[in-house]
>>> print(open('model.cif').read())   # mmCIF, C-alpha atoms
data_query
#
loop_
_atom_site.group_PDB
_atom_site.id
_atom_site.type_symbol
_atom_site.label_atom_id
_atom_site.label_comp_id
_atom_site.auth_asym_id
_atom_site.auth_seq_id
_atom_site.Cartn_x
_atom_site.Cartn_y
_atom_site.Cartn_z
ATOM 1 C CA ALA A 1 145.706 94.687 151.561
ATOM 2 C CA LEU A 2 147.182 94.742 155.046
ATOM 3 C CA ARG A 3 144.291 96.848 156.309
ATOM 4 C CA MET A 4 141.827 94.545 154.535
ATOM 5 C CA PHE A 5 143.155 91.453 156.286
ATOM 6 C CA GLY A 6 143.779 93.172 159.619
ATOM 7 C CA PHE A 7 147.593 92.962 159.794
ATOM 8 C CA ALA A 8 149.608 95.734 161.384
ATOM 9 C CA ASP A 9 152.491 95.676 158.932
ATOM 10 C CA LEU A 10 154.183 93.684 156.203
ATOM 11 C CA GLU A 11 156.500 91.940 158.657
ATOM 12 C CA GLU A 12 153.524 90.598 160.637
ATOM 13 C CA TYR A 13 151.775 89.419 157.464
ATOM 14 C CA SER A 14 154.931 87.814 156.000
ATOM 15 C CA SER A 15 155.408 85.717 159.134
ATOM 16 C CA GLU A 16 152.389 83.596 158.167
ATOM 17 C CA PRO A 17 151.741 81.383 155.109
ATOM 18 C CA SER A 18 150.326 83.202 152.074
ATOM 19 C CA TRP A 19 147.082 81.287 152.308
ATOM 20 C CA SER A 20 146.476 82.106 155.978
ATOM 21 C CA PRO A 21 143.683 84.675 155.422
ATOM 22 C CA HIS A 22 141.735 82.201 153.302
ATOM 23 C CA ALA A 23 138.802 80.349 154.788
ATOM 24 C CA ALA A 24 139.369 76.636 155.253
ATOM 25 C CA GLU A 25 137.147 75.656 152.292
ATOM 26 C CA ASP A 26 139.212 77.788 149.863
ATOM 27 C CA ARG A 27 142.765 77.296 151.157
ATOM 28 C CA ALA A 28 143.558 74.190 149.121
ATOM 29 C CA ARG A 29 142.254 75.743 145.907
ATOM 30 C CA PHE A 30 144.203 78.984 146.389
ATOM 31 C CA THR A 31 147.389 77.120 147.345
ATOM 32 C CA GLN A 32 147.136 74.933 144.235
ATOM 33 C CA LEU A 33 146.600 77.932 141.937
ATOM 34 C CA LEU A 34 149.515 79.827 143.501
ATOM 35 C CA GLN A 35 151.821 76.830 143.152
ATOM 36 C CA ARG A 36 150.887 76.404 139.487
ATOM 37 C CA CYS A 37 151.504 80.115 138.947
ATOM 38 C CA LEU A 38 154.981 79.849 140.515
ATOM 39 C CA THR A 39 155.935 76.605 138.779
ATOM 40 C CA GLU A 40 154.067 76.607 135.466
ATOM 41 C CA GLY A 41 153.449 80.321 135.044
ATOM 42 C CA ASP A 42 149.633 79.921 134.943
ATOM 43 C CA ALA A 43 147.770 83.134 135.788
ATOM 44 C CA PHE A 44 144.634 82.899 137.936
ATOM 45 C CA ASP A 45 141.497 84.972 138.524
ATOM 46 C CA ILE A 46 139.200 83.791 141.323
ATOM 47 C CA GLU A 47 136.632 84.713 143.941
ATOM 48 C CA SER A 48 137.145 83.207 147.368
ATOM 49 C CA ASN A 49 136.294 83.544 151.038
ATOM 50 C CA MET A 50 138.800 85.013 153.467
ATOM 51 C CA ILE A 51 138.764 85.801 157.165
ATOM 52 C CA ALA A 52 140.283 88.959 158.628
ATOM 53 C CA ARG A 53 142.368 88.690 161.798
ATOM 54 C CA ASP A 54 139.412 89.928 163.873
ATOM 55 C CA GLY A 55 137.285 87.079 162.508
ATOM 56 C CA SER A 56 135.284 89.157 160.024
ATOM 57 C CA PRO A 57 134.307 87.214 156.890
ATOM 58 C CA LEU A 58 135.454 88.635 153.552
ATOM 59 C CA ARG A 59 134.572 87.826 149.972
ATOM 60 C CA VAL A 60 137.488 88.753 147.747
ATOM 61 C CA HIS A 61 138.399 88.814 144.088
ATOM 62 C CA THR A 62 142.036 87.861 143.499
ATOM 63 C CA ILE A 63 144.159 87.883 140.358
ATOM 64 C CA GLY A 64 147.725 86.645 140.095
ATOM 65 C CA GLU A 65 150.381 86.081 137.458
ATOM 66 C CA ALA A 66 153.988 84.970 137.273
ATOM 67 C CA GLU A 67 156.932 87.343 136.857
ATOM 68 C CA ARG A 68 159.943 86.090 134.899
ATOM 69 C CA ASP A 69 163.556 87.220 134.629
ATOM 70 C CA ASP A 70 165.438 87.895 131.401
ATOM 71 C CA SER A 71 166.051 84.176 130.920
ATOM 72 C CA GLY A 72 162.356 83.382 131.174
ATOM 73 C CA ALA A 73 162.605 81.733 134.575
ATOM 74 C CA ILE A 74 159.784 82.408 137.058
ATOM 75 C CA VAL A 75 161.145 84.456 139.945
ATOM 76 C CA ARG A 76 157.956 85.397 141.785
ATOM 77 C CA ALA A 77 154.224 86.023 141.489
ATOM 78 C CA HIS A 78 152.350 89.282 141.821
ATOM 79 C CA GLY A 79 148.707 90.302 141.625
ATOM 80 C CA ALA A 80 145.885 92.225 143.266
ATOM 81 C CA VAL A 81 142.984 91.604 145.612
ATOM 82 C CA TRP A 82 139.655 93.440 145.999
ATOM 83 C CA ASP A 83 137.198 93.298 148.879
ATOM 84 C CA ILE A 84 133.863 92.495 147.180
ATOM 85 C CA THR A 85 131.987 91.483 150.340
ATOM 86 C CA GLU A 86 129.178 94.052 149.954
ATOM 87 C CA TYR A 87 128.898 93.409 146.246
ATOM 88 C CA ALA A 88 128.731 89.647 146.841
ATOM 89 C CA LEU A 89 126.014 90.098 149.480
ATOM 90 C CA GLU A 90 123.983 92.314 147.145
ATOM 91 C CA ARG A 91 124.470 89.832 144.322
ATOM 92 C CA GLU A 92 123.293 87.007 146.592
ATOM 93 C CA ARG A 93 120.239 89.014 147.648
ATOM 94 C CA ALA A 94 119.429 89.730 143.997
ATOM 95 C CA ARG A 95 119.872 86.051 143.130
ATOM 96 C CA TYR A 96 117.572 85.051 146.012
ATOM 97 C CA LEU A 97 114.889 87.538 144.946
ATOM 98 C CA ASP A 98 115.235 86.418 141.337
ATOM 99 C CA GLU A 99 114.783 82.780 142.361
ATOM 100 C CA ARG A 100 111.732 83.654 144.446
ATOM 101 C CA LEU A 101 110.220 85.655 141.591
ATOM 102 C CA SER A 102 110.958 82.868 139.124
ATOM 103 C CA ALA A 103 109.377 80.289 141.446
ATOM 104 C CA SER A 104 106.277 82.464 141.859
ATOM 105 C CA LEU A 105 105.884 83.048 138.116
ATOM 106 C CA SER A 106 106.423 79.341 137.437
ATOM 107 C CA ALA A 107 103.632 78.428 139.855
ATOM 108 C CA ILE A 108 101.048 80.572 138.043
ATOM 109 C CA SER A 109 98.449 78.428 136.268
ATOM 110 C CA ASP A 110 98.491 80.639 133.147
ATOM 111 C CA GLY A 111 101.434 80.956 130.771
ATOM 112 C CA LEU A 112 103.938 83.808 130.978
ATOM 113 C CA MET A 113 106.614 84.705 128.457
ATOM 114 C CA PHE A 114 108.982 87.688 128.687
ATOM 115 C CA LEU A 115 110.543 89.196 125.555
ATOM 116 C CA ASP A 116 113.483 91.601 125.601
ATOM 117 C CA ASP A 117 113.981 94.580 123.285
ATOM 118 C CA ASP A 118 115.455 92.283 120.617
ATOM 119 C CA TRP A 119 112.318 90.068 120.602
ATOM 120 C CA LYS A 120 114.219 87.271 122.344
ATOM 121 C CA VAL A 121 112.583 85.125 125.025
ATOM 122 C CA SER A 122 114.159 86.002 128.393
ATOM 123 C CA PHE A 123 111.767 84.018 130.620
ATOM 124 C CA VAL A 124 109.085 81.394 130.099
ATOM 125 C CA ASN A 125 107.171 79.460 132.742
ATOM 126 C CA PRO A 126 106.155 75.761 132.502
ATOM 127 C CA THR A 127 102.528 76.542 131.551
ATOM 128 C CA ALA A 128 103.680 78.632 128.593
ATOM 129 C CA GLU A 129 105.953 75.770 127.494
ATOM 130 C CA GLN A 130 102.943 73.420 127.510
ATOM 131 C CA LEU A 131 100.683 75.844 125.638
ATOM 132 C CA LEU A 132 103.332 76.582 122.996
ATOM 133 C CA GLY A 133 104.523 72.980 122.659
ATOM 134 C CA ARG A 134 108.185 73.916 123.078
ATOM 135 C CA SER A 135 110.714 73.271 125.812
ATOM 136 C CA HIS A 136 112.441 75.822 127.994
ATOM 137 C CA THR A 137 115.677 75.102 126.136
ATOM 138 C CA GLU A 138 114.081 75.790 122.741
ATOM 139 C CA LEU A 139 112.433 79.024 123.826
ATOM 140 C CA LEU A 140 114.940 80.766 126.090
ATOM 141 C CA GLY A 141 117.209 83.121 124.173
ATOM 142 C CA SER A 142 115.454 82.508 120.846
ATOM 143 C CA GLU A 143 113.910 85.292 118.773
ATOM 144 C CA LEU A 144 110.109 85.114 118.636
ATOM 145 C CA TRP A 145 109.968 85.438 114.847
ATOM 146 C CA ALA A 146 112.602 82.722 114.374
ATOM 147 C CA LEU A 147 110.495 80.408 116.536
ATOM 148 C CA TYR A 148 107.302 81.206 114.614
ATOM 149 C CA PRO A 149 108.268 82.337 111.097
ATOM 150 C CA ASN A 150 104.771 81.550 109.773
ATOM 151 C CA THR A 151 103.303 84.311 111.960
ATOM 152 C CA VAL A 152 105.330 87.072 110.301
ATOM 153 C CA GLY A 153 102.943 89.368 108.454
ATOM 154 C CA THR A 154 99.882 88.001 110.285
ATOM 155 C CA SER A 155 97.604 89.504 112.925
ATOM 156 C CA PHE A 156 99.716 87.701 115.559
ATOM 157 C CA GLU A 157 102.796 89.732 114.647
ATOM 158 C CA GLN A 158 100.710 92.884 114.310
ATOM 159 C CA ALA A 159 99.411 92.479 117.887
ATOM 160 C CA PHE A 160 102.955 92.372 119.278
ATOM 161 C CA ARG A 161 104.091 95.255 117.083
ATOM 162 C CA ASP A 162 101.097 97.341 118.179
ATOM 163 C CA ALA A 163 101.837 96.705 121.871
ATOM 164 C CA GLU A 164 105.455 97.724 121.342
ATOM 165 C CA ARG A 165 104.558 100.839 119.337
ATOM 166 C CA THR A 166 101.616 102.147 121.386
ATOM 167 C CA ARG A 167 102.862 100.962 124.809
ATOM 168 C CA GLN A 168 99.319 99.776 125.425
ATOM 169 C CA ARG A 169 97.913 96.354 126.291
ATOM 170 C CA VAL A 170 96.835 94.300 123.270
ATOM 171 C CA ILE A 171 94.728 91.103 123.310
ATOM 172 C CA HIS A 172 94.897 88.535 120.523
ATOM 173 C CA ARG A 173 93.566 84.981 120.032
ATOM 174 C CA GLU A 174 95.820 82.515 118.214
ATOM 175 C CA TRP A 175 95.589 78.870 117.120
ATOM 176 C CA VAL A 176 98.754 76.985 118.158
ATOM 177 C CA GLU A 177 99.214 74.237 115.617
ATOM 178 C CA ARG A 178 101.873 72.355 117.622
ATOM 179 C CA THR A 179 99.503 71.792 120.556
ATOM 180 C CA GLY A 180 96.126 72.010 118.825
ATOM 181 C CA LEU A 181 94.990 74.708 121.261
ATOM 182 C CA TRP A 182 93.378 78.112 121.038
ATOM 183 C CA VAL A 183 95.328 80.555 123.193
ATOM 184 C CA ASP A 184 94.385 84.075 124.252
ATOM 185 C CA VAL A 185 97.536 86.210 124.288
ATOM 186 C CA THR A 186 97.470 89.431 126.307
ATOM 187 C CA ILE A 187 100.574 91.506 125.562
ATOM 188 C CA TYR A 188 101.807 94.037 128.117
ATOM 189 C CA PRO A 189 104.625 96.521 127.409
ATOM 190 C CA ILE A 190 107.246 96.781 130.175
ATOM 191 C CA GLU A 191 110.444 98.787 130.521
ATOM 192 C CA THR A 192 112.673 95.993 129.192
ATOM 193 C CA GLY A 193 110.408 94.663 126.432
ATOM 194 C CA LEU A 194 107.061 92.850 126.473
ATOM 195 C CA VAL A 195 105.243 90.293 128.625
ATOM 196 C CA ALA A 196 102.848 87.848 126.986
ATOM 197 C CA HIS A 197 100.161 86.339 129.236
ATOM 198 C CA LEU A 198 98.878 83.096 127.690
ATOM 199 C CA ARG A 199 95.574 81.436 128.559
ATOM 200 C CA ASP A 200 94.103 78.243 127.104
ATOM 201 C CA THR A 201 90.688 79.167 125.669
ATOM 202 C CA THR A 202 90.129 76.021 123.615
ATOM 203 C CA ASP A 203 87.061 75.001 125.656
ATOM 204 C CA ASP A 204 85.595 78.503 125.286
ATOM 205 C CA VAL A 205 86.145 78.518 121.523
ATOM 206 C CA GLU A 206 84.692 75.042 121.074
ATOM 207 C CA ALA A 207 81.663 75.922 123.216
ATOM 208 C CA GLN A 208 81.104 79.083 121.136
ATOM 209 C CA GLU A 209 81.417 77.064 117.936
ATOM 210 C CA ARG A 210 78.805 74.581 119.207
ATOM 211 C CA GLU A 211 76.519 77.457 120.156
ATOM 212 C CA ASP A 212 77.005 79.108 116.760
ATOM 213 C CA GLU A 213 76.286 75.811 114.998
ATOM 214 C CA HIS A 214 73.149 75.336 117.076
ATOM 215 C CA GLU A 215 72.044 78.856 116.206
ATOM 216 C CA ARG A 216 72.656 78.183 112.492
ATOM 217 C CA GLN A 217 70.572 75.032 112.694
ATOM 218 C CA LEU A 218 67.753 76.894 114.397
ATOM 219 C CA GLN A 219 67.887 79.589 111.735
ATOM 220 C CA GLN A 220 67.767 76.947 108.982
ATOM 221 C CA GLN A 221 64.840 75.201 110.665
ATOM 222 C CA ALA A 222 63.056 78.506 111.115
ATOM 223 C CA ALA A 223 63.622 79.325 107.443
ATOM 224 C CA LEU A 224 62.143 75.964 106.439
ATOM 225 C CA LEU A 225 59.165 76.485 108.711
ATOM 226 C CA ASP A 226 58.682 79.972 107.362
ATOM 227 C CA ILE A 227 58.232 78.730 103.797
ATOM 228 C CA SER A 228 55.755 76.042 104.839
ATOM 229 C CA ARG A 229 52.217 76.484 103.470
ATOM 230 C CA ASP A 230 50.808 75.364 106.822
ATOM 231 C CA ALA A 231 50.445 77.763 109.698
ATOM 232 C CA ILE A 232 52.943 76.742 112.399
ATOM 233 C CA VAL A 233 52.751 78.210 115.883
ATOM 234 C CA VAL A 234 54.944 77.399 118.902
ATOM 235 C CA ARG A 235 53.660 78.376 122.323
ATOM 236 C CA GLY A 236 54.995 77.917 125.847
ATOM 237 C CA LEU A 237 53.172 76.289 128.744
ATOM 238 C CA ASP A 238 52.053 79.803 129.685
ATOM 239 C CA ASP A 239 50.210 79.972 126.318
ATOM 240 C CA ARG A 240 52.485 82.779 125.071
ATOM 241 C CA VAL A 241 53.509 82.650 121.404
ATOM 242 C CA GLN A 242 57.190 81.829 120.873
ATOM 243 C CA TYR A 243 57.192 81.284 117.116
ATOM 244 C CA TRP A 244 54.777 82.353 114.390
ATOM 245 C CA ASN A 245 55.532 81.534 110.780
ATOM 246 C CA ARG A 246 54.569 83.380 107.617
ATOM 247 C CA ALA A 247 51.616 81.104 106.905
ATOM 248 C CA ALA A 248 50.253 81.777 110.422
ATOM 249 C CA ALA A 249 50.528 85.508 109.744
ATOM 250 C CA GLU A 250 48.610 85.072 106.469
ATOM 251 C CA LEU A 251 45.974 82.844 108.076
ATOM 252 C CA TYR A 252 45.290 84.897 111.235
ATOM 253 C CA GLY A 253 46.269 88.362 110.024
ATOM 254 C CA TRP A 254 48.751 89.042 112.826
ATOM 255 C CA PRO A 255 52.357 89.654 111.721
ATOM 256 C CA ALA A 256 54.962 87.683 113.683
ATOM 257 C CA ALA A 257 56.363 90.833 115.296
ATOM 258 C CA GLU A 258 52.979 91.485 116.948
ATOM 259 C CA ALA A 259 52.017 87.876 117.667
ATOM 260 C CA VAL A 260 55.172 86.677 119.410
ATOM 261 C CA GLY A 261 54.911 87.227 123.161
ATOM 262 C CA GLN A 262 51.116 87.480 123.247
ATOM 263 C CA SER A 263 48.788 84.924 124.806
ATOM 264 C CA ILE A 264 47.496 82.582 122.121
ATOM 265 C CA THR A 265 44.115 82.426 123.862
ATOM 266 C CA ASP A 266 43.648 86.188 123.712
ATOM 267 C CA LEU A 267 45.050 86.383 120.197
ATOM 268 C CA ILE A 268 42.923 84.000 118.123
ATOM 269 C CA TYR A 269 40.257 82.308 120.253
ATOM 270 C CA HIS A 270 36.753 83.674 120.866
ATOM 271 C CA ASP A 271 36.176 80.916 123.418
ATOM 272 C CA PRO A 272 39.494 79.973 125.111
ATOM 273 C CA GLY A 273 37.656 77.230 127.029
ATOM 274 C CA GLU A 274 37.387 75.085 123.893
ATOM 275 C CA MET A 275 41.146 75.313 123.309
ATOM 276 C CA ARG A 276 41.908 74.438 126.951
ATOM 277 C CA ALA A 277 39.530 71.455 126.797
#
>>> encode(input="model.cif", output="structure tokens")
Amino acid sequence: ALRMFGFADLEEYSSEPSWSPHAAEDRARFTQLLQRCLTEGDAFDIESNMIARDGSPLRVHTIGEAERDDSGAIVRAHGAVWDITEYALERERARYLDERLSASLSAISDGLMFLDDDWKVSFVNPTAEQLLGRSHTELLGSELWALYPNTVGTSFEQAFRDAERTRQRVIHREWVERTGLWVDVTIYPIETGLVAHLRDTTDDVEAQEREDEHERQLQQQAALLDISRDAIVVRGLDDRVQYWNRAAAELYGWPAAEAVGQSITDLIYHDPGEMRA
């Protein structure tokens, strides 16, 4: 301890108050804890800033407790002190990097959710909160299957289990009832668990549904036209056949597979001039 604080010997150290190595911002706190230890017998365990005699800053971990005589009276205090300056600096660097990483992940426009080996949420960014319809407080530290019990036994659970088992990326699309959104979930295995990348694909799904509905309507209309007794032909402005129903095939003798794509003038007219007129 003497070497840590830069004193030559115990006599030199004892000539100054016990709080003298402490930085100004921590002196009052240390003095109060020491007094309570000596008067009330309260033990203490703190981190504080100290300054060595050469002016070097120190971060120290100090513990102290009261010593009593046979009658139970407090006679002195004793304890221990550790120089944790390097550890504190490394911890501060790690905290700074963690904050920077967290800020970067939070700024991403897509959702991110980290799961540990116990399926508990260890990180979630604001976009993921919005997509899932749950707050940071609800999600962080909660088990995935406790949050979404209705997904147990479904393809959603299977996607996560497959990513964990195969250590390969798995993509799954899920309807989130709480938010009324379709979300594409891409699950990546990492050393400490899984990362789920969430993207809102509601517009894509709705556009595909509209396209599918349009295609179904066209197929229904084509089926109706195909059973018509009248020959029905659709051609473009370039005179090429785009649609040719069954009655047209029976009337002209050309099956639809051969007629579609051909010029209507070359296909059925001896004198194309009459048709153009």
>>> atom_distance(input="model.cif", atom1="atom CA of Asn49 of chain A", atom2="atom CA of Gly79 of chain A")
17.0 Å
>>> resolve_selection(input="model.cif", expression="the PyMOL selection byres ((chain A and resi 36-38) around 10)", output="list of chain:residue names")
A:Phe30, A:Thr31, A:Gln32, A:Leu33, A:Leu34, A:Gln35, A:Thr39, A:Glu40, A:Gly41, A:Asp42, A:Ala43, A:Phe44, A:Gly64, A:Glu65, A:Ala66, A:Glu67, A:Arg68, A:Ala73, A:Ile74, A:Val75, A:Arg76, A:Ala77, A:His78
>>> closest_atom_pairs(input="model.cif", of="segment 159-197 of chain A", to="segment 120-123 of chain A", cutoff="10 Å", atoms="only C-alpha atoms", output="CSV")
residue,atom,partner,partner_atom,distance
A:Gly193,CA,A:Lys120,CA,9.3
A:Leu194,CA,A:Val121,CA,9.6
A:Val195,CA,A:Phe123,CA,9.3
>>> closest_residue(input="model.cif", among="A:Leu115, A:Ala80, A:Ala163, A:Ala88", to="Thr192 of chain A", atoms="all atoms listed in the file")
A:Leu115
>>> closest_residue(input="model.cif", among="A:Leu2, A:Ala94, A:Ile268, A:Ala146", to="Ala248 of chain A", atoms="all atoms listed in the file")
A:Ile268
>>> resolve_selection(input="model.cif", expression="the PyMOL selection byres ((chain A and resi 142) around 12)", output="list in words")
Met113, Phe114, Leu115, Asp116, Asp118, Trp119, Lys120, Val121, Ser122, Phe123, Val124, Arg134, Ser135, His136, Thr137, Glu138, Leu139, Leu140, Gly141, Glu143, Leu144, Trp145, Ala146, Leu147 and Tyr148 of chain A
>>> resolve_selection(input="model.cif", expression="the PyMOL selection byres ((chain A and resi 155-158) around 12)", output="number ranges by chain")
A: 119, 144-145, 148-154, 159-166, 170-176, 183-187, 196
>>> residues_around(input="model.cif", residues="segment 221-224 of chain A", least_positions_apart="4", cutoff="12 Å", atoms="only C-alpha atoms", output="PDB file with C-alpha atoms, in the frame of the given file")
ATOM      1  CA  HIS A 214      73.149  75.336 117.076  1.00  0.00           C
ATOM      2  CA  GLU A 215      72.044  78.856 116.206  1.00  0.00           C
ATOM      3  CA  ARG A 216      72.656  78.183 112.492  1.00  0.00           C
ATOM      4  CA  GLN A 217      70.572  75.032 112.694  1.00  0.00           C
ATOM      5  CA  SER A 228      55.755  76.042 104.839  1.00  0.00           C
ATOM      6  CA  ARG A 229      52.217  76.484 103.470  1.00  0.00           C
ATOM      7  CA  ASP A 230      50.808  75.364 106.822  1.00  0.00           C
ATOM      8  CA  ILE A 232      52.943  76.742 112.399  1.00  0.00           C
ATOM      9  CA  VAL A 233      52.751  78.210 115.883  1.00  0.00           C
ATOM     10  CA  VAL A 234      54.944  77.399 118.902  1.00  0.00           C
ATOM     11  CA  GLN A 242      57.190  81.829 120.873  1.00  0.00           C
ATOM     12  CA  TYR A 243      57.192  81.284 117.116  1.00  0.00           C
ATOM     13  CA  TRP A 244      54.777  82.353 114.390  1.00  0.00           C
ATOM     14  CA  ASN A 245      55.532  81.534 110.780  1.00  0.00           C
ATOM     15  CA  ARG A 246      54.569  83.380 107.617  1.00  0.00           C
ATOM     16  CA  ALA A 247      51.616  81.104 106.905  1.00  0.00           C
TER      17      ALA A 247
END
>>> atom_distance(input="model.cif", atom1="atom CA of Arg210 of chain A", atom2="atom CA of Gly261 of chain A")
27.3 Å
>>> residues_around(input="model.cif", residues="Tyr13 of chain A", least_positions_apart="6", cutoff="12 Å", atoms="only C-alpha atoms", output="list in words")
Ala1, Leu2, Arg3, Met4, Phe5, Gly6, Phe7, Trp19, Ser20, Pro21, Ala52 and Arg53 of chain A
>>> write_last_selection(input="model.cif", atoms="C-alpha atoms", output="PDB file, in the frame of the given file")
ATOM      1  CA  ALA A   1     145.706  94.687 151.561  1.00  0.00           C
ATOM      2  CA  LEU A   2     147.182  94.742 155.046  1.00  0.00           C
ATOM      3  CA  ARG A   3     144.291  96.848 156.309  1.00  0.00           C
ATOM      4  CA  MET A   4     141.827  94.545 154.535  1.00  0.00           C
ATOM      5  CA  PHE A   5     143.155  91.453 156.286  1.00  0.00           C
ATOM      6  CA  GLY A   6     143.779  93.172 159.619  1.00  0.00           C
ATOM      7  CA  PHE A   7     147.593  92.962 159.794  1.00  0.00           C
ATOM      8  CA  TRP A  19     147.082  81.287 152.308  1.00  0.00           C
ATOM      9  CA  SER A  20     146.476  82.106 155.978  1.00  0.00           C
ATOM     10  CA  PRO A  21     143.683  84.675 155.422  1.00  0.00           C
ATOM     11  CA  ALA A  52     140.283  88.959 158.628  1.00  0.00           C
ATOM     12  CA  ARG A  53     142.368  88.690 161.798  1.00  0.00           C
TER      13      ARG A  53
END
>>> residues_around(input="model.cif", residues="Thr202 of chain A", least_positions_apart="4", cutoff="8 Å", atoms="only C-alpha atoms", output="number ranges by chain")
A: 181-183, 206
>>> atom_distance(input="model.cif", atom1="atom CA of Ser71 of chain A", atom2="atom CA of Asp45 of chain A")
25.7 Å
>>> closest_residue(input="model.cif", among="A:Ile264, A:Leu105, A:Ile227, A:Leu10", to="Val241 of chain A", atoms="all atoms listed in the file")
A:Ile264
>>> build_atoms(input="model.cif", residues="segment 130-142 of chain A", atoms="N, CA, C and O atoms", output="PDB file, in the coordinates of the input")
ATOM      1  N   GLN A 130     103.977  74.389 127.882  1.00  0.00           N
ATOM      2  CA  GLN A 130     102.943  73.420 127.510  1.00  0.00           C
ATOM      3  C   GLN A 130     102.013  73.988 126.437  1.00  0.00           C
ATOM      4  O   GLN A 130     101.662  73.285 125.475  1.00  0.00           O
ATOM      5  N   LEU A 131     101.614  75.246 126.597  1.00  0.00           N
ATOM      6  CA  LEU A 131     100.683  75.844 125.638  1.00  0.00           C
ATOM      7  C   LEU A 131     101.331  76.022 124.270  1.00  0.00           C
ATOM      8  O   LEU A 131     100.658  75.890 123.241  1.00  0.00           O
ATOM      9  N   LEU A 132     102.630  76.332 124.258  1.00  0.00           N
ATOM     10  CA  LEU A 132     103.332  76.582 122.996  1.00  0.00           C
ATOM     11  C   LEU A 132     103.923  75.311 122.391  1.00  0.00           C
ATOM     12  O   LEU A 132     104.343  75.327 121.231  1.00  0.00           O
ATOM     13  N   GLY A 133     103.990  74.242 123.180  1.00  0.00           N
ATOM     14  CA  GLY A 133     104.523  72.980 122.659  1.00  0.00           C
ATOM     15  C   GLY A 133     106.016  73.010 122.431  1.00  0.00           C
ATOM     16  O   GLY A 133     106.528  72.293 121.569  1.00  0.00           O
ATOM     17  N   ARG A 134     106.729  73.824 123.201  1.00  0.00           N
ATOM     18  CA  ARG A 134     108.185  73.916 123.078  1.00  0.00           C
ATOM     19  C   ARG A 134     108.813  73.893 124.461  1.00  0.00           C
ATOM     20  O   ARG A 134     108.220  74.363 125.430  1.00  0.00           O
ATOM     21  N   SER A 135     110.028  73.380 124.533  1.00  0.00           N
ATOM     22  CA  SER A 135     110.714  73.271 125.812  1.00  0.00           C
ATOM     23  C   SER A 135     111.372  74.586 126.202  1.00  0.00           C
ATOM     24  O   SER A 135     111.555  75.492 125.379  1.00  0.00           O
ATOM     25  N   HIS A 136     111.723  74.662 127.473  1.00  0.00           N
ATOM     26  CA  HIS A 136     112.441  75.822 127.994  1.00  0.00           C
ATOM     27  C   HIS A 136     113.721  76.064 127.203  1.00  0.00           C
ATOM     28  O   HIS A 136     114.051  77.200 126.877  1.00  0.00           O
ATOM     29  N   THR A 137     114.417  74.983 126.876  1.00  0.00           N
ATOM     30  CA  THR A 137     115.677  75.102 126.136  1.00  0.00           C
ATOM     31  C   THR A 137     115.460  75.690 124.747  1.00  0.00           C
ATOM     32  O   THR A 137     116.250  76.509 124.269  1.00  0.00           O
ATOM     33  N   GLU A 138     114.379  75.272 124.077  1.00  0.00           N
ATOM     34  CA  GLU A 138     114.081  75.790 122.741  1.00  0.00           C
ATOM     35  C   GLU A 138     113.729  77.277 122.768  1.00  0.00           C
ATOM     36  O   GLU A 138     114.124  78.041 121.888  1.00  0.00           O
ATOM     37  N   LEU A 139     112.982  77.677 123.793  1.00  0.00           N
ATOM     38  CA  LEU A 139     112.433  79.024 123.826  1.00  0.00           C
ATOM     39  C   LEU A 139     113.423  80.067 124.329  1.00  0.00           C
ATOM     40  O   LEU A 139     113.563  81.135 123.737  1.00  0.00           O
ATOM     41  N   LEU A 140     114.113  79.759 125.430  1.00  0.00           N
ATOM     42  CA  LEU A 140     114.940  80.766 126.090  1.00  0.00           C
ATOM     43  C   LEU A 140     116.077  81.230 125.185  1.00  0.00           C
ATOM     44  O   LEU A 140     116.842  80.428 124.660  1.00  0.00           O
ATOM     45  N   GLY A 141     116.156  82.538 124.983  1.00  0.00           N
ATOM     46  CA  GLY A 141     117.209  83.121 124.173  1.00  0.00           C
ATOM     47  C   GLY A 141     116.915  83.143 122.687  1.00  0.00           C
ATOM     48  O   GLY A 141     117.692  83.709 121.911  1.00  0.00           O
ATOM     49  N   SER A 142     115.797  82.548 122.271  1.00  0.00           N
ATOM     50  CA  SER A 142     115.454  82.508 120.846  1.00  0.00           C
ATOM     51  C   SER A 142     114.574  83.703 120.480  1.00  0.00           C
ATOM     52  O   SER A 142     113.766  84.163 121.281  1.00  0.00           O
TER      53      SER A 142
END
